$ cat upload22.cif   # mmCIF, C-alpha atoms
data_coords
loop_
_atom_site.group_PDB
_atom_site.id
_atom_site.type_symbol
_atom_site.label_atom_id
_atom_site.label_comp_id
_atom_site.auth_asym_id
_atom_site.auth_seq_id
_atom_site.Cartn_x
_atom_site.Cartn_y
_atom_site.Cartn_z
ATOM 1 C CA MET A 1358 0.000 0.000 0.000
ATOM 2 C CA ILE A 1359 1.337 3.423 -0.982
ATOM 3 C CA GLU A 1360 0.679 6.399 1.284
ATOM 4 C CA SER A 1361 0.708 10.017 0.244
ATOM 5 C CA PHE A 1362 2.697 12.691 2.054
ATOM 6 C CA ALA A 1363 1.328 15.092 4.611
ATOM 7 C CA PRO A 1364 0.187 18.365 3.070
ATOM 8 C CA ILE A 1365 2.520 21.333 2.760
ATOM 9 C CA VAL A 1366 0.118 24.054 3.895
ATOM 10 C CA ASP A 1367 -0.333 26.853 6.395
ATOM 11 C CA ALA A 1368 -3.064 29.234 7.507
ATOM 12 C CA HIS A 1369 -2.166 31.718 4.732
ATOM 13 C CA SER A 1370 -2.476 29.232 1.863
ATOM 14 C CA ARG A 1371 -4.943 30.376 -0.823
ATOM 15 C CA ILE A 1372 -4.121 27.971 -3.646
ATOM 16 C CA LEU A 1373 -3.874 24.206 -3.355
ATOM 17 C CA ILE A 1374 -1.835 22.349 -5.967
ATOM 18 C CA LEU A 1375 -3.195 18.838 -5.965
ATOM 19 C CA GLY A 1376 -1.382 15.851 -7.460
ATOM 20 C CA SER A 1377 -2.600 12.267 -7.659
ATOM 21 C CA ILE A 1378 -0.076 10.441 -5.427
ATOM 22 C CA PRO A 1379 3.755 10.628 -5.229
ATOM 23 C CA SER A 1380 5.855 8.789 -7.793
ATOM 24 C CA VAL A 1381 8.340 6.073 -6.831
ATOM 25 C CA LYS A 1382 11.195 8.648 -6.985
ATOM 26 C CA SER A 1383 9.248 11.078 -4.805
ATOM 27 C CA LEU A 1384 8.486 8.362 -2.262
ATOM 28 C CA GLU A 1385 12.175 7.355 -2.172
ATOM 29 C CA ALA A 1386 13.219 10.980 -1.598
ATOM 30 C CA SER A 1387 10.260 11.815 0.701
ATOM 31 C CA GLN A 1388 9.698 14.940 -1.408
ATOM 32 C CA TYR A 1389 6.898 16.183 -3.607
ATOM 33 C CA TYR A 1390 7.846 16.078 -7.318
ATOM 34 C CA ALA A 1391 11.328 14.625 -6.775
ATOM 35 C CA HIS A 1392 11.774 13.002 -10.202
ATOM 36 C CA PRO A 1393 14.514 15.065 -11.892
ATOM 37 C CA GLN A 1394 12.583 15.170 -15.178
ATOM 38 C CA ASN A 1395 9.324 16.289 -13.607
ATOM 39 C CA ALA A 1396 8.686 19.893 -14.715
ATOM 40 C CA PHE A 1397 7.017 20.934 -11.447
ATOM 41 C CA TRP A 1398 9.992 22.675 -9.830
ATOM 42 C CA PHE A 1399 11.062 24.213 -13.140
ATOM 43 C CA ILE A 1400 7.567 25.713 -13.460
ATOM 44 C CA MET A 1401 7.400 26.910 -9.853
ATOM 45 C CA SER A 1402 10.872 28.463 -10.119
ATOM 46 C CA GLN A 1403 9.809 30.384 -13.223
ATOM 47 C CA LEU A 1404 6.544 31.560 -11.662
ATOM 48 C CA PHE A 1405 7.964 32.587 -8.302
ATOM 49 C CA GLY A 1406 11.519 33.633 -9.178
ATOM 50 C CA PHE A 1407 13.866 31.145 -7.523
ATOM 51 C CA GLN A 1408 16.519 28.646 -8.620
ATOM 52 C CA LYS A 1409 14.858 25.246 -9.044
ATOM 53 C CA ASP A 1410 17.843 23.456 -7.496
ATOM 54 C CA ILE A 1411 17.816 25.229 -4.129
ATOM 55 C CA ALA A 1412 17.175 23.078 -1.070
ATOM 56 C CA TYR A 1413 13.781 21.369 -0.984
ATOM 57 C CA GLU A 1414 12.794 23.039 2.304
ATOM 58 C CA ALA A 1415 13.614 26.469 0.817
ATOM 59 C CA ARG A 1416 11.405 25.731 -2.210
ATOM 60 C CA LEU A 1417 8.534 24.772 0.077
ATOM 61 C CA LYS A 1418 8.922 27.972 2.098
ATOM 62 C CA ILE A 1419 8.781 30.047 -1.092
ATOM 63 C CA LEU A 1420 5.559 28.340 -2.186
ATOM 64 C CA LEU A 1421 3.994 28.919 1.221
ATOM 65 C CA ARG A 1422 5.111 32.559 1.166
ATOM 66 C CA HIS A 1423 3.174 32.900 -2.112
ATOM 67 C CA GLY A 1424 0.069 31.269 -0.614
ATOM 68 C CA VAL A 1425 0.568 27.955 -2.415
ATOM 69 C CA ALA A 1426 -0.029 24.597 -0.705
ATOM 70 C CA LEU A 1427 0.794 21.066 -1.943
ATOM 71 C CA TYR A 1428 -1.173 17.875 -1.390
ATOM 72 C CA ASP A 1429 -2.425 14.759 -3.185
ATOM 73 C CA VAL A 1430 -6.005 13.731 -3.818
ATOM 74 C CA ILE A 1431 -5.251 10.054 -3.147
ATOM 75 C CA GLY A 1432 -4.393 9.192 0.445
ATOM 76 C CA THR A 1433 -3.532 5.537 -0.147
ATOM 77 C CA CYS A 1434 -3.580 3.157 -3.074
ATOM 78 C CA GLU A 1435 -1.868 0.229 -4.706
ATOM 79 C CA ARG A 1436 0.360 0.840 -7.712
ATOM 80 C CA LYS A 1437 3.226 -0.872 -9.514
ATOM 81 C CA GLY A 1438 5.638 1.711 -10.872
ATOM 82 C CA SER A 1439 4.730 5.390 -11.080
ATOM 83 C CA LEU A 1440 2.074 5.628 -13.777
ATOM 84 C CA ASP A 1441 -1.331 6.970 -12.784
ATOM 85 C CA SER A 1442 -2.901 4.345 -15.041
ATOM 86 C CA ALA A 1443 -1.548 1.647 -12.685
ATOM 87 C CA ILE A 1444 -3.286 3.052 -9.585
ATOM 88 C CA LYS A 1445 -5.770 0.694 -7.900
ATOM 89 C CA LYS A 1446 -7.698 0.469 -4.621
ATOM 90 C CA ILE A 1447 -7.904 4.215 -4.125
ATOM 91 C CA GLN A 1448 -8.703 5.829 -0.791
ATOM 92 C CA HIS A 1449 -9.137 9.587 -1.125
ATOM 93 C CA GLN A 1450 -8.033 12.253 1.316
ATOM 94 C CA ASP A 1451 -10.676 13.844 3.569
ATOM 95 C CA PHE A 1452 -11.134 17.233 1.925
ATOM 96 C CA ARG A 1453 -14.074 18.255 4.096
ATOM 97 C CA GLU A 1454 -11.789 18.236 7.122
ATOM 98 C CA PHE A 1455 -8.862 19.684 5.141
ATOM 99 C CA PHE A 1456 -10.828 22.713 3.894
ATOM 100 C CA GLN A 1457 -12.300 23.269 7.372
ATOM 101 C CA SER A 1458 -8.756 23.379 8.721
ATOM 102 C CA TYR A 1459 -7.555 25.718 5.941
ATOM 103 C CA PRO A 1460 -10.508 27.973 5.100
ATOM 104 C CA ASN A 1461 -8.417 30.523 3.157
ATOM 105 C CA ILE A 1462 -7.901 28.092 0.289
ATOM 106 C CA GLU A 1463 -10.039 29.425 -2.538
ATOM 107 C CA ALA A 1464 -8.715 27.517 -5.553
ATOM 108 C CA VAL A 1465 -7.528 24.004 -6.380
ATOM 109 C CA CYS A 1466 -5.082 23.506 -9.247
ATOM 110 C CA CYS A 1467 -5.044 19.866 -10.298
ATOM 111 C CA ASN A 1468 -1.687 18.640 -11.562
ATOM 112 C CA GLY A 1469 -2.824 16.368 -14.381
ATOM 113 C CA ALA A 1470 -5.946 14.576 -15.525
ATOM 114 C CA LYS A 1471 -5.881 11.853 -12.856
ATOM 115 C CA ALA A 1472 -5.776 14.375 -10.012
ATOM 116 C CA TYR A 1473 -8.630 16.323 -11.637
ATOM 117 C CA ARG A 1474 -10.786 13.230 -12.225
ATOM 118 C CA GLU A 1475 -10.280 11.872 -8.706
ATOM 119 C CA PHE A 1476 -10.857 15.228 -7.031
ATOM 120 C CA THR A 1477 -14.034 16.016 -8.961
ATOM 121 C CA LYS A 1478 -15.397 12.559 -8.072
ATOM 122 C CA ILE A 1479 -15.370 13.440 -4.387
ATOM 123 C CA TYR A 1480 -15.661 17.236 -4.217
ATOM 124 C CA ASN A 1481 -18.624 19.395 -5.136
ATOM 125 C CA GLY A 1482 -17.971 22.439 -2.974
ATOM 126 C CA ASP A 1483 -17.380 26.091 -3.719
ATOM 127 C CA LYS A 1484 -13.637 26.118 -4.496
ATOM 128 C CA ALA A 1485 -12.576 27.102 -8.009
ATOM 129 C CA ILE A 1486 -10.990 24.089 -9.728
ATOM 130 C CA TYR A 1487 -8.354 24.432 -12.448
ATOM 131 C CA PRO A 1488 -7.330 21.332 -14.437
ATOM 132 C CA LEU A 1489 -3.699 21.857 -15.456
ATOM 133 C CA PRO A 1490 -1.360 19.738 -17.585
ATOM 134 C CA SER A 1491 0.605 17.148 -15.693
ATOM 135 C CA THR A 1492 4.166 18.141 -14.875
ATOM 136 C CA SER A 1493 5.147 14.457 -15.021
ATOM 137 C CA PRO A 1494 7.665 13.339 -17.640
ATOM 138 C CA ALA A 1495 5.094 10.649 -18.566
ATOM 139 C CA PHE A 1496 2.954 13.450 -20.045
ATOM 140 C CA ALA A 1497 5.305 14.043 -22.959
ATOM 141 C CA LYS A 1498 2.920 15.440 -25.560
ATOM 142 C CA MET A 1499 3.512 18.929 -24.172
ATOM 143 C CA ARG A 1500 6.955 20.529 -23.683
ATOM 144 C CA LYS A 1501 7.756 21.978 -20.255
ATOM 145 C CA GLU A 1502 7.660 25.508 -21.704
ATOM 146 C CA GLU A 1503 4.106 24.871 -22.941
ATOM 147 C CA LYS A 1504 3.160 23.488 -19.531
ATOM 148 C CA LEU A 1505 4.611 26.622 -17.935
ATOM 149 C CA GLU A 1506 2.312 28.830 -20.021
ATOM 150 C CA LYS A 1507 -0.756 26.881 -18.827
ATOM 151 C CA TRP A 1508 0.437 26.939 -15.216
ATOM 152 C CA ARG A 1509 0.808 30.751 -15.231
ATOM 153 C CA ILE A 1510 -2.864 30.884 -14.205
ATOM 154 C CA ILE A 1511 -1.852 30.300 -10.571
ATOM 155 C CA THR A 1512 -0.177 33.710 -10.455
ATOM 156 C CA GLU A 1513 -3.501 35.296 -11.458
ATOM 157 C CA ILE A 1514 -5.700 33.603 -8.835
#
$ encode --input "upload22.cif" --output "structure tokens"
Amino acid sequence: MIESFAPIVDAHSRILILGSIPSVKSLEASQYYAHPQNAFWFIMSQLFGFQKDIAYEARLKILLRHGVALYDVIGTCERKGSLDSAIKKIQHQDFREFFQSYPNIEAVCCNGAKAYREFTKIYNGDKAIYPLPSTSPAFAKMRKEEKLEKWRIITEI
């Protein structure tokens, strides 16, 4: 059974970036978006003006300073490898409790189609939901620069 990470969030968070569940590389590193070819940290560094290779904790602090939280829609599941298509036996996070704990979150940006599908299955509240292209290297039909252009929306929320 694979378990997601705890959320990276604080009382000032306004935007929640929601993935599906951490990849094998991320689980090994105990870090969100740890695969070196995942475009997530490239995109965040471009949007918020930092070097993508700074220490992980420093990157997290920058996101929080900009009101951005990280979490995954899936709490636990079974999966061989890292592909979302291999995910089985899904248990979702408790978003009712999460949003009660963090009431300033006004928007959810779903990192990829799987995160969007799973989140919209279980959530029908009043948060704005933005489906964004996956930053995963498995989503190769879009270059990271194209993904960056789509992800710019989070700076306008």
$ residues_near_point --input "upload22.cif" --point "(8.8, 24.1, -12.0)" --cutoff "12 Å" --atoms "only C-alpha atoms" --output "short mmCIF file (atom, residue, chain, number, x, y, z; two decimals) with C-alpha atoms, keeping the file's coordinate frame"
data_model
loop_
_atom_site.label_atom_id
_atom_site.label_comp_id
_atom_site.auth_asym_id
_atom_site.auth_seq_id
_atom_site.Cartn_x
_atom_site.Cartn_y
_atom_site.Cartn_z
CA TYR A 1389 6.90 16.18 -3.61
CA TYR A 1390 7.85 16.08 -7.32
CA ALA A 1391 11.33 14.62 -6.78
CA HIS A 1392 11.77 13.00 -10.20
CA PRO A 1393 14.51 15.06 -11.89
CA GLN A 1394 12.58 15.17 -15.18
CA ASN A 1395 9.32 16.29 -13.61
CA ALA A 1396 8.69 19.89 -14.72
CA PHE A 1397 7.02 20.93 -11.45
CA TRP A 1398 9.99 22.68 -9.83
CA PHE A 1399 11.06 24.21 -13.14
CA ILE A 1400 7.57 25.71 -13.46
CA MET A 1401 7.40 26.91 -9.85
CA SER A 1402 10.87 28.46 -10.12
CA GLN A 1403 9.81 30.38 -13.22
CA LEU A 1404 6.54 31.56 -11.66
CA PHE A 1405 7.96 32.59 -8.30
CA GLY A 1406 11.52 33.63 -9.18
CA PHE A 1407 13.87 31.14 -7.52
CA GLN A 1408 16.52 28.65 -8.62
CA LYS A 1409 14.86 25.25 -9.04
CA ASP A 1410 17.84 23.46 -7.50
CA ARG A 1416 11.40 25.73 -2.21
CA LEU A 1420 5.56 28.34 -2.19
CA ASN A 1468 -1.69 18.64 -11.56
CA SER A 1491 0.60 17.15 -15.69
CA THR A 1492 4.17 18.14 -14.88
CA SER A 1493 5.15 14.46 -15.02
CA LYS A 1501 7.76 21.98 -20.26
CA GLU A 1502 7.66 25.51 -21.70
CA GLU A 1503 4.11 24.87 -22.94
CA LYS A 1504 3.16 23.49 -19.53
CA LEU A 1505 4.61 26.62 -17.93
CA GLU A 1506 2.31 28.83 -20.02
CA TRP A 1508 0.44 26.94 -15.22
CA ARG A 1509 0.81 30.75 -15.23
#
$ resolve_selection --input "upload22.cif" --expression "the PyMOL selection byres ((chain A and resi 1488) around 12)" --output "PyMOL selection string"
chain A and resi 1373-1376+1464-1477+1485-1487+1489-1492+1504+1507-1508+1510-1511
$ residues_around --input "upload22.cif" --residues "A:Arg1371" --least-positions-apart "5" --cutoff "9 Å" --atoms "all atoms listed in the file" --output "ChimeraX atom specification"
/A:1423-1426,1459-1465,1514
$ resolve_selection --input "upload22.cif" --expression "the PyMOL selection byres ((chain A and resi 1365) around 9)" --output "VMD selection string"
chain A and resid 1362 to 1364 1366 to 1367 1417 1421 1425 to 1428
$ axis_aligned_box --input "upload22.cif" --around "stretch 1411-1422 of chain A" --padding-each-side "5 Å" --output "JSON"
{"center_x": 10.9, "center_y": 27.0, "center_z": -0.9, "size_x": 23.8, "size_y": 21.2, "size_z": 16.4}
$ atom_distance --input "upload22.cif" --atom1 "atom CA of A:Ser1377" --atom2 "atom CA of A:Ile1431"
5.7 Å
